[in-house]
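Here's structure-v2.tsv, which has TSV, C-alpha atoms (C1' of nucleotides):
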chain	number	residue	atom	x	y	z
T	23	MET	CA	-16.57	15.50	14.59
T	24	THR	CA	-14.86	18.79	15.12
T	25	PHE	CA	-13.13	18.88	11.77
T	26	LEU	CA	-15.71	18.83	9.01
T	27	SER	CA	-19.38	17.92	9.14
T	28	ASP	CA	-21.21	16.09	6.38
T	29	GLU	CA	-22.89	19.37	5.46
T	30	ALA	CA	-19.61	21.24	5.30
T	31	LEU	CA	-18.20	18.47	3.12
T	32	LYS	CA	-21.22	18.66	0.88
T	33	ASP	CA	-20.81	22.41	0.45
T	34	LYS	CA	-17.15	22.04	-0.27
T	35	LEU	CA	-17.85	19.38	-2.89
T	36	ASN	CA	-20.83	21.10	-4.50
T	37	SER	CA	-19.00	24.40	-4.81
T	38	ARG	CA	-16.58	22.61	-7.12
T	39	GLY	CA	-19.19	20.74	-9.12
T	40	TYR	CA	-18.62	17.48	-7.26
T	41	ARG	CA	-21.31	15.57	-5.41
T	42	SER	CA	-21.73	14.46	-1.87
T	43	THR	CA	-22.03	10.67	-1.66
T	44	PRO	CA	-22.25	8.26	1.27
T	45	GLN	CA	-18.90	6.84	0.20
T	46	ARG	CA	-17.17	10.20	0.43
T	47	GLN	CA	-18.74	10.96	3.79
T	48	LYS	CA	-17.71	7.57	5.09
T	49	VAL	CA	-14.12	7.96	3.95
T	50	LEU	CA	-13.78	11.34	5.58
T	51	SER	CA	-15.36	10.10	8.81
T	52	ILE	CA	-12.82	7.29	9.01
T	53	PHE	CA	-9.99	9.78	8.81
T	54	ILE	CA	-11.64	12.09	11.33
T	55	ALA	CA	-11.96	9.21	13.80
T	56	LEU	CA	-8.28	8.41	13.44
T	57	ALA	CA	-5.88	9.34	16.23
T	58	GLN	CA	-3.53	12.20	15.44
T	59	GLY	CA	-0.41	10.73	13.91
T	60	GLU	CA	-2.07	7.63	12.46
T	61	HIS	CA	-2.18	7.27	8.72
T	62	LEU	CA	-3.76	4.74	6.37
T	63	SER	CA	-2.86	3.22	3.05
T	64	ALA	CA	-5.57	2.74	0.43
T	65	GLU	CA	-5.85	-0.89	1.48
T	66	ASP	CA	-5.99	0.05	5.16
T	67	LEU	CA	-8.80	2.45	4.45
T	68	HIS	CA	-10.66	-0.13	2.41
T	69	ARG	CA	-10.39	-2.60	5.26
T	70	ALA	CA	-11.44	0.01	7.83
T	71	LEU	CA	-14.51	0.81	5.75
T	72	ARG	CA	-15.54	-2.84	5.69
T	73	GLU	CA	-14.96	-3.33	9.38
T	74	ASP	CA	-16.85	-0.19	10.22
T	75	ASP	CA	-19.67	-1.58	8.15
T	76	VAL	CA	-20.05	-4.74	10.24
T	77	GLY	CA	-21.47	-2.96	13.26
T	78	ASP	CA	-23.88	-0.86	11.24
T	79	ALA	CA	-27.56	-1.35	10.63
T	80	ALA	CA	-27.20	-1.93	6.92
T	81	PRO	CA	-24.38	-4.43	6.59
T	82	THR	CA	-24.49	-5.04	2.88
T	83	GLU	CA	-24.94	-1.37	2.07
T	84	ASN	CA	-22.19	1.20	2.05
T	85	ARG	CA	-19.64	-1.19	0.67
T	86	ILE	CA	-16.96	0.76	-1.10
T	87	SER	CA	-14.91	-0.63	-3.91
T	88	LEU	CA	-11.18	-0.24	-3.99
T	89	SER	CA	-11.49	1.89	-7.13
T	90	THR	CA	-13.69	4.33	-5.31
T	91	VAL	CA	-11.26	4.38	-2.43
T	92	TYR	CA	-8.49	5.41	-4.77
T	93	ARG	CA	-10.64	7.93	-6.60
T	94	THR	CA	-11.82	9.44	-3.33
T	95	LEU	CA	-8.35	9.68	-1.88
T	96	HIS	CA	-7.10	11.46	-4.95
T	97	LEU	CA	-10.02	13.86	-4.93
T	98	MET	CA	-9.58	14.71	-1.29
T	99	VAL	CA	-5.88	15.30	-1.65
T	100	CYS	CA	-6.53	17.71	-4.51
T	101	MET	CA	-9.16	19.47	-2.42
T	102	GLY	CA	-6.74	19.85	0.46
T	103	LEU	CA	-8.73	17.64	2.83
T	104	LEU	CA	-6.14	14.88	3.06
T	105	ARG	CA	-2.41	14.81	2.85
T	106	GLU	CA	-0.58	12.13	0.98
T	107	LEU	CA	2.52	10.75	2.65
T	108	GLU	CA	5.22	8.90	0.81
T	109	LEU	CA	7.27	7.34	3.51
T	110	ALA	CA	9.10	4.12	2.89
T	111	GLU	CA	6.83	1.11	2.65
T	112	GLY	CA	6.42	1.26	-1.11
T	113	HIS	CA	2.91	2.63	-1.06
T	114	LYS	CA	1.28	5.89	-0.12
T	115	HIS	CA	-0.33	6.74	3.18
T	116	TYR	CA	-3.00	9.31	3.89
T	117	GLU	CA	-4.10	11.34	6.86
T	118	LEU	CA	-6.30	14.34	7.59
T	119	ASN	CA	-4.73	17.55	6.45
T	120	ARG	CA	-5.17	19.48	9.66
T	121	PRO	CA	-5.04	23.25	9.46
T	122	LEU	CA	-1.65	23.48	11.13
T	123	ARG	CA	0.79	21.55	9.04
T	124	ASP	CA	3.43	21.22	11.67
T	125	HIS	CA	3.87	17.51	11.97
T	126	HIS	CA	6.64	15.89	9.99
T	127	HIS	CA	8.42	12.57	9.59
T	128	ILE	CA	11.74	10.86	10.01
T	129	VAL	CA	12.17	7.55	8.20
T	130	CYS	CA	14.84	4.92	8.61
T	131	LEU	CA	16.01	3.79	5.20
T	132	HIS	CA	17.05	0.48	6.61
T	133	CYS	CA	14.15	-0.75	8.75
T	134	ASN	CA	11.44	1.69	7.58
T	135	GLN	CA	10.68	2.76	11.12
T	136	THR	CA	8.88	6.10	11.09
T	137	LEU	CA	9.02	8.79	13.72
T	138	GLU	CA	6.85	11.88	13.92
T	139	PHE	CA	7.82	15.25	15.21
T	140	GLU	CA	6.24	18.64	15.64
T	141	GLU	CA	7.88	21.67	14.18
T	142	SER	CA	5.98	24.78	13.17
T	143	SER	CA	8.67	27.08	11.85
T	144	VAL	CA	9.36	24.84	8.86
T	145	ALA	CA	5.83	25.27	7.57
T	146	GLU	CA	6.11	29.03	7.92
T	147	ILE	CA	9.30	29.17	5.92
T	148	GLY	CA	7.96	26.85	3.24
T	149	GLU	CA	4.61	28.53	2.84
T	150	LYS	CA	6.20	31.91	2.53
T	151	THR	CA	8.35	30.64	-0.33
T	152	ALA	CA	5.50	28.89	-2.08
T	153	LYS	CA	3.21	31.88	-1.89
T	154	GLU	CA	5.87	34.04	-3.43
T	155	ALA	CA	5.90	31.62	-6.32
T	156	GLY	CA	2.15	32.04	-6.73
T	157	TYR	CA	1.19	28.67	-5.26
T	158	HIS	CA	-1.87	28.02	-3.16
T	159	VAL	CA	-0.33	25.74	-0.55
T	160	LEU	CA	-2.28	22.65	0.46
T	161	ASP	CA	0.38	20.70	2.28
T	162	CYS	CA	3.88	21.11	3.58
T	163	GLN	CA	5.95	18.06	4.37
T	164	LEU	CA	9.38	17.82	5.81
T	165	ILE	CA	10.76	14.30	5.57
T	166	LEU	CA	14.11	13.27	6.91
T	167	TYR	CA	15.69	10.07	5.69
T	168	GLY	CA	18.44	8.42	7.60
T	169	ILE	CA	19.48	5.42	9.61
T	170	CYS	CA	18.01	4.95	13.06
T	171	ALA	CA	20.08	4.22	16.14
T	172	ASN	CA	19.37	0.49	16.04
T	173	CYS	CA	20.37	0.12	12.42
T	174	THR	CA	23.47	2.26	12.71
T	175	GLU	CA	25.22	-0.71	14.26
T	176	ASP	CA	24.88	-2.56	10.98
T	177	LYS	CA	28.05	-1.52	9.21
T	178	LYS	CA	26.62	-2.00	5.75
T	179	VAL	CA	24.46	1.09	5.98
T	180	GLY	CA	24.93	4.78	6.64
Q	27	MET	CA	34.23	14.82	-11.48
Q	28	THR	CA	34.46	16.95	-8.40
Q	29	PHE	CA	32.04	14.94	-6.37
Q	30	LEU	CA	33.31	11.40	-6.04
Q	31	SER	CA	36.01	9.61	-8.01
Q	32	ASP	CA	35.86	5.95	-9.00
Q	33	GLU	CA	38.45	5.23	-6.34
Q	34	ALA	CA	36.52	7.04	-3.65
Q	35	LEU	CA	33.41	5.13	-4.67
Q	36	LYS	CA	35.33	1.88	-4.50
Q	37	ASP	CA	36.54	2.64	-0.99
Q	38	LYS	CA	33.09	3.60	0.14
Q	39	LEU	CA	31.67	0.37	-1.28
Q	40	ASN	CA	34.42	-1.91	-0.05
Q	41	SER	CA	34.32	-0.54	3.46
Q	42	ARG	CA	30.76	-1.85	3.64
Q	43	GLY	CA	31.50	-5.23	2.05
Q	44	TYR	CA	30.13	-4.19	-1.33
Q	45	ARG	CA	32.06	-4.30	-4.57
Q	46	SER	CA	32.99	-1.74	-7.12
Q	47	THR	CA	31.60	-2.63	-10.54
Q	48	PRO	CA	31.60	-0.83	-13.89
Q	49	GLN	CA	27.81	-0.57	-13.62
Q	50	ARG	CA	27.96	1.23	-10.30
Q	51	GLN	CA	30.66	3.59	-11.53
Q	52	LYS	CA	28.66	4.33	-14.63
Q	53	VAL	CA	25.49	5.08	-12.73
Q	54	LEU	CA	27.23	7.47	-10.40
Q	55	SER	CA	28.97	9.20	-13.28
Q	56	ILE	CA	25.65	9.85	-14.98
Q	57	PHE	CA	24.36	11.57	-11.89
Q	58	ILE	CA	27.56	13.55	-11.47
Q	59	ALA	CA	27.26	14.81	-15.04
Q	60	LEU	CA	23.72	15.98	-14.41
Q	61	ALA	CA	23.00	19.68	-14.02
Q	62	GLN	CA	22.09	20.76	-10.50
Q	63	GLY	CA	18.34	20.49	-10.15
Q	64	GLU	CA	17.88	17.74	-12.74
Q	65	HIS	CA	16.65	14.39	-11.54
Q	66	LEU	CA	16.12	11.05	-13.23
Q	67	SER	CA	13.64	8.22	-12.88
Q	68	ALA	CA	14.88	4.64	-13.06
Q	69	GLU	CA	13.78	4.53	-16.69
Q	70	ASP	CA	15.46	7.85	-17.45
Q	71	LEU	CA	18.68	6.56	-15.99
Q	72	HIS	CA	18.44	3.32	-17.93
Q	73	ARG	CA	17.97	5.31	-21.14
Q	74	ALA	CA	20.82	7.67	-20.28
Q	75	LEU	CA	23.11	4.72	-19.73
Q	76	ARG	CA	22.28	3.30	-23.15
Q	77	GLU	CA	22.71	6.62	-24.90
Q	78	ASP	CA	25.96	7.25	-23.14
Q	79	ASP	CA	27.05	3.86	-24.38
Q	80	VAL	CA	26.57	4.73	-28.05
Q	81	GLY	CA	29.49	7.11	-28.24
Q	82	ASP	CA	31.83	4.78	-26.42
Q	83	ALA	CA	34.51	2.47	-27.78
Q	84	ALA	CA	32.82	-0.69	-26.61
Q	85	PRO	CA	29.23	-0.35	-27.71
Q	86	THR	CA	27.91	-3.73	-26.69
Q	87	GLU	CA	29.72	-3.71	-23.37
Q	88	ASN	CA	28.58	-1.87	-20.27
Q	89	ARG	CA	24.94	-2.47	-20.94
Q	90	ILE	CA	23.05	-2.30	-17.72
Q	91	SER	CA	19.82	-4.12	-17.10
Q	92	LEU	CA	16.86	-2.41	-15.55
Q	93	SER	CA	17.11	-4.73	-12.55
Q	94	THR	CA	20.61	-3.56	-11.88
Q	95	VAL	CA	19.49	0.02	-12.27
Q	96	TYR	CA	16.92	-0.47	-9.55
Q	97	ARG	CA	19.31	-2.39	-7.32
Q	98	THR	CA	21.99	0.24	-7.75
Q	99	LEU	CA	19.64	3.12	-7.05
Q	100	HIS	CA	18.46	1.50	-3.87
Q	101	LEU	CA	21.99	0.78	-2.73
Q	102	MET	CA	23.14	4.32	-3.38
Q	103	VAL	CA	20.20	5.83	-1.56
Q	104	CYS	CA	20.96	3.68	1.48
Q	105	MET	CA	24.61	4.72	1.29
Q	106	GLY	CA	23.63	8.36	1.19
Q	107	LEU	CA	25.03	8.96	-2.31
Q	108	LEU	CA	21.68	9.63	-3.94
Q	109	ARG	CA	18.47	11.11	-2.74
Q	110	GLU	CA	15.13	9.68	-3.69
Q	111	LEU	CA	12.44	12.18	-4.58
Q	112	GLU	CA	8.76	11.37	-4.55
Q	113	LEU	CA	7.18	14.22	-6.40
Q	114	ALA	CA	4.01	13.70	-8.33
Q	115	GLU	CA	4.48	11.70	-11.48
Q	116	GLY	CA	3.72	8.34	-9.94
Q	117	HIS	CA	7.29	7.14	-9.89
Q	118	LYS	CA	10.42	8.04	-7.99
Q	119	HIS	CA	13.17	10.35	-9.13
Q	120	TYR	CA	16.78	10.39	-8.08
Q	121	GLU	CA	19.54	12.95	-7.89
Q	122	LEU	CA	22.96	13.32	-6.31
Q	123	ASN	CA	22.75	13.85	-2.60
Q	124	ARG	CA	25.00	16.88	-2.42
Q	125	PRO	CA	26.54	17.71	0.95
Q	126	LEU	CA	24.30	20.70	1.56
Q	127	ARG	CA	20.73	19.55	1.53
Q	128	ASP	CA	19.19	22.91	1.02
Q	129	HIS	CA	17.25	22.45	-2.17
Q	130	HIS	CA	13.59	21.60	-1.91
Q	131	HIS	CA	10.49	21.24	-4.05
Q	132	ILE	CA	7.05	22.67	-4.66
Q	133	VAL	CA	4.66	20.50	-6.65
Q	134	CYS	CA	1.36	21.41	-8.26
Q	135	LEU	CA	-1.19	18.71	-7.47
Q	136	HIS	CA	-3.10	19.58	-10.58
Q	137	CYS	CA	-0.56	19.83	-13.40
Q	138	ASN	CA	2.45	18.20	-11.66
Q	139	GLN	CA	4.67	21.17	-12.41
Q	140	THR	CA	7.66	21.15	-10.10
Q	141	LEU	CA	9.57	24.12	-8.80
Q	142	GLU	CA	12.81	24.09	-6.88
Q	143	PHE	CA	13.94	26.46	-4.21
Q	144	GLU	CA	16.91	26.94	-1.95
Q	145	GLU	CA	16.44	27.17	1.77
Q	146	SER	CA	19.09	26.21	4.27
Q	147	SER	CA	17.45	26.85	7.62
Q	148	VAL	CA	14.94	24.05	7.10
Q	149	ALA	CA	17.69	21.47	6.90
Q	150	GLU	CA	19.26	22.81	10.07
Q	151	ILE	CA	16.02	22.56	12.00
Q	152	GLY	CA	15.29	19.09	10.68
Q	153	GLU	CA	18.73	17.66	11.23
Q	154	LYS	CA	18.82	18.92	14.77
Q	155	THR	CA	15.57	17.11	15.52
Q	156	ALA	CA	16.64	13.91	13.84
Q	157	LYS	CA	19.97	13.78	15.60
Q	158	GLU	CA	18.24	14.18	18.93
Q	159	ALA	CA	16.22	11.10	18.02
Q	160	GLY	CA	19.42	9.18	17.37
Q	161	TYR	CA	19.19	9.18	13.60
Q	162	HIS	CA	22.09	9.46	11.23
Q	163	VAL	CA	20.60	11.85	8.69
Q	164	LEU	CA	21.15	11.07	5.02
Q	165	ASP	CA	18.62	13.36	3.41
Q	166	CYS	CA	16.26	16.15	4.33
Q	167	GLN	CA	13.39	17.00	2.02
Q	168	LEU	CA	10.85	19.73	2.29
Q	169	ILE	CA	8.05	19.25	-0.20
Q	170	LEU	CA	5.18	21.66	-0.60
Q	171	TYR	CA	2.05	20.54	-2.37
Q	172	GLY	CA	-0.41	23.01	-3.73
Q	173	ILE	CA	-2.01	24.48	-6.78
Q	174	CYS	CA	0.08	26.65	-9.05
Q	175	ALA	CA	-1.00	30.06	-10.29
Q	176	ASN	CA	-2.12	28.74	-13.67
Q	177	CYS	CA	-4.25	25.99	-12.22
Q	178	THR	CA	-5.81	28.16	-9.54
Q	179	GLU	CA	-8.07	29.56	-12.20
Q	180	ASP	CA	-9.64	26.15	-12.56
Q	181	LYS	CA	-12.41	26.33	-9.99
Q	182	LYS	CA	-12.50	22.59	-9.41
Q	183	VAL	CA	-9.24	22.57	-7.51
Q	184	GLY	CA	-7.76	24.25	-4.47
I	11	DC	C1'	38.02	-19.76	-4.65
I	12	DT	C1'	34.43	-17.60	-2.25
I	13	DT	C1'	31.18	-14.15	-2.12
I	14	DC	C1'	28.93	-10.74	-4.37
I	15	DC	C1'	26.87	-8.86	-8.65
I	16	DT	C1'	24.56	-9.10	-13.03
I	17	DG	C1'	21.07	-10.11	-16.63
I	18	DC	C1'	17.09	-12.30	-17.84
I	19	DA	C1'	12.51	-13.40	-17.42
I	20	DA	C1'	8.78	-13.89	-14.57
I	21	DA	C1'	6.15	-12.35	-10.80
I	22	DG	C1'	4.32	-8.91	-7.68
I	23	DA	C1'	2.25	-4.84	-5.63
I	24	DG	C1'	-0.17	-0.84	-5.99
I	25	DT	C1'	-2.91	1.92	-8.77
I	26	DT	C1'	-5.68	3.34	-12.81
I	27	DT	C1'	-9.23	2.93	-16.40
I	28	DG	C1'	-13.44	1.61	-19.50
I	29	DC	C1'	-17.93	0.67	-19.30
I	30	DA	C1'	-22.59	-0.26	-17.77
I	31	DT	C1'	-25.38	0.96	-13.89
I	32	DT	C1'	-26.78	3.77	-10.17
I	33	DT	C1'	-27.20	8.11	-7.76
I	34	DG	C1'	-27.16	13.19	-6.56
I	35	DT	C1'	-28.67	17.68	-8.01
X	1	DA	C1'	-33.33	14.55	-16.93
X	2	DC	C1'	-28.61	15.16	-16.85
X	3	DA	C1'	-24.14	14.84	-15.30
X	4	DA	C1'	-21.36	12.70	-12.08
X	5	DA	C1'	-20.02	8.66	-9.14
X	6	DT	C1'	-19.85	3.79	-8.32
X	7	DG	C1'	-18.52	-1.17	-8.87
X	8	DC	C1'	-16.46	-4.57	-11.37
X	9	DA	C1'	-12.87	-6.49	-13.86
X	10	DA	C1'	-9.20	-5.94	-16.71
X	11	DA	C1'	-5.18	-3.47	-17.72
X	12	DC	C1'	-1.12	-1.02	-16.63
X	13	DT	C1'	3.14	0.81	-14.61
X	14	DC	C1'	6.72	0.58	-11.75
X	15	DT	C1'	9.49	-2.34	-9.07
X	16	DT	C1'	11.20	-6.67	-7.05
X	17	DT	C1'	12.90	-11.41	-7.08
X	18	DG	C1'	14.85	-16.28	-8.27
X	19	DC	C1'	18.22	-18.28	-10.53
X	20	DA	C1'	22.33	-19.40	-13.39
X	21	DG	C1'	26.39	-17.51	-15.18
X	22	DG	C1'	30.17	-14.12	-14.49
X	23	DA	C1'	33.21	-10.88	-11.99
X	24	DA	C1'	35.52	-8.73	-7.88
X	25	DG	C1'	38.19	-9.23	-3.68
Encoded form (structure tokens):
Amino acid sequence: MTFLSDEALKDKLNSRGYRSTPQRQKVLSIFIALAQGEHLSAEDLHRALREDDVGDAAPTENRISLSTVYRTLHLMVCMGLLRELELAEGHKHYELNRPLRDHHHIVCLHCNQTLEFEESSVAEIGEKTAKEAGYHVLDCQLILYGICANCTEDKKVG
Amino acid sequence: MTFLSDEALKDKLNSRGYRSTPQRQKVLSIFIALAQGEHLSAEDLHRALREDDVGDAAPTENRISLSTVYRTLHLMVCMGLLRELELAEGHKHYELNRPLRDHHHIVCLHCNQTLEFEESSVAEIGEKTAKEAGYHVLDCQLILYGICANCTEDKKVG
DNA sequence: CTTCCTGCAAAGAGTTTGCATTTGT
DNA sequence: ACAAATGCAAACTCTTTGCAGGAAG
């Protein structure tokens, strides 16, 4: 748990008038346990929370409703803890908003395949611009849309 | 109509086995008439099509259903004619995909205010990466999420 | 004259909201 | 105690889809 402890989360929440709850801790811990590059939809997260629950001591406790999942995701995006990704599957995905925002996405408009890549100079350029405009930057996303090599053979696209 | 004539659209469609229809021409013409930087949701476009219709000679003709609007938008994104923007309002926006993809967005996560900025080096970096991965790039979007100057005063965010 | 496109209406997915209850501070 | 968060269920918005009639190549 190198990213944010329960106490640090609590402080961050309390300083804004929000409260620390087991649900919020659980949600964050799921994201922290995720491999770099993985991202979850609201449904994915909901499922992960239930599965995580099975092995625990208190099985029927700590159940989180889908509403709370959505509310928590929104809160954590606004606090800068998570980043919201709109790729191509018709619903949003979320992942930890790691300090260095240098990982971006390429999406195939035809088969929805997603590729990640690292690129730090983009974030620098973007943040500079945003700060000049008076924004406090929480996330910086470069998304490329195109047709992947496999799909390029299909003449109807591109 | 400096961007794409009806004939050019027809060729582009036919070469892929699609057909040129009055609806598709109309949709594209709406986007061409749009000021640089403006973007429309599916509903916006549907409304614009109806309003545009009022002044015309054949009022009851050329009505386009919302289904067709959605189908046309999707088609034109996949063909690289339009770009799909996912900003913050909970629904997608569309604009002409102009040859130089050097205009990007900053969104306030609190009030949804959107700011545009020009930046060409980002597109260069991104396209280089994508091409190396074998992608045929159709769009390149840099989106920054943050809290705008006005909202920063609200202690609950940021 | 065949294939593709459209409009309609209905369905679908993902997300949000109101309200009573529970919980953190 | 008081305000904030949760769970449930219902509502809501945006978007997609099946099908019959109509239009383009």
Contacts of chain Q with chain T up to 6 Å, shortest pair per row, all atoms listed in the file, as a Markdown table:
| residue | atom | partner | partner_atom | distance |
| --- | --- | --- | --- | --- |
| Q:Arg42 | CA | T:Lys178 | CA | 4.6 |
| Q:Met105 | CA | T:Gly180 | CA | 5.4 |
| Q:Val148 | CA | T:Val144 | CA | 5.9 |
| Q:Gly160 | CA | T:Ala171 | CA | 5.2 |
| Q:Tyr161 | CA | T:Cys170 | CA | 4.4 |
| Q:His162 | CA | T:Ile169 | CA | 5.1 |
| Q:Val163 | CA | T:Gly168 | CA | 4.2 |
| Q:Leu164 | CA | T:Gly168 | CA | 4.6 |
| Q:Asp165 | CA | T:Tyr167 | CA | 5.0 |
| Q:Cys166 | CA | T:Leu166 | CA | 4.4 |
| Q:Gln167 | CA | T:Ile165 | CA | 5.2 |
| Q:Leu168 | CA | T:Leu164 | CA | 4.3 |
| Q:Ile169 | CA | T:Gln163 | CA | 5.2 |
| Q:Leu170 | CA | T:Cys162 | CA | 4.4 |
| Q:Tyr171 | CA | T:Asp161 | CA | 4.9 |
| Q:Gly172 | CA | T:Val159 | CA | 4.2 |
| Q:Ile173 | CA | T:His158 | CA | 5.1 |
| Q:Cys174 | CA | T:Tyr157 | CA | 4.4 |
| Q:Ala175 | CA | T:Gly156 | CA | 5.1 |
| Q:Lys182 | CA | T:Arg38 | CA | 4.7 |
| Q:Val183 | CA | T:Met101 | CA | 6.0 |
| Q:Gly184 | CA | T:Met101 | CA | 5.4 |
Next on the checklist: Using all atoms listed in the file, can you tell me which of I:DC29, I:DC11, I:DA23, I:DC18 comes closest to chain T?
Outcome noted: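 The answer is I:DA23, which sits nearest to chain T.
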Could you make a table, as JSON lines, of the residues of chain T that have an atom within 9 Å of an atom of chain X, each with its nearest atom pair and distance in Å to one decimal, counting only C-alpha atoms (C1' of nucleotides), in chain and number order?
{"residue": "T:Gly39", "atom": "CA", "partner": "X:DA4", "partner_atom": "C1'", "distance": 8.8}
{"residue": "T:Tyr40", "atom": "CA", "partner": "X:DA4", "partner_atom": "C1'", "distance": 7.3}
{"residue": "T:Arg41", "atom": "CA", "partner": "X:DA4", "partner_atom": "C1'", "distance": 7.3}
{"residue": "T:Thr43", "atom": "CA", "partner": "X:DA5", "partner_atom": "C1'", "distance": 8.0}
{"residue": "T:Ile86", "atom": "CA", "partner": "X:DG7", "partner_atom": "C1'", "distance": 8.2}
{"residue": "T:Ser87", "atom": "CA", "partner": "X:DG7", "partner_atom": "C1'", "distance": 6.2}
{"residue": "T:Leu88", "atom": "CA", "partner": "X:DG7", "partner_atom": "C1'", "distance": 8.9}
{"residue": "T:Ser89", "atom": "CA", "partner": "X:DG7", "partner_atom": "C1'", "distance": 7.9}
{"residue": "T:Thr90", "atom": "CA", "partner": "X:DT6", "partner_atom": "C1'", "distance": 6.9}
Item to check | Minimum-distance residue to chain I, chosen among T:Leu118, T:Cys133, T:Val91, T:Ala57 (using only C-alpha atoms (C1' of nucleotides)) | outcome: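 Answer, going by the shortest atom-to-atom distance: T:Val91.
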Taking all listed atoms of region 101-110 of chain T, build the axis-aligned box, pad each of the six sides by 6 Å, then write its centre and edge lengths in Å to one decimal as lines of an AutoDock Vina configuration file.
center_x = 0.0
center_y = 12.0
center_z = 0.5
size_x = 30.3
size_y = 27.7
size_z = 17.9
Checklist entry - Do you know which residues are at most 12 Å from Leu71 (chain Q) counting all atoms listed in the file, after dropping those on the same chain fewer than 2 positions away, and could you put them as a PyMOL selection string? => result chain Q and resi 49+52-57+59-60+64-69+73-78+90-96+98-99+118-121
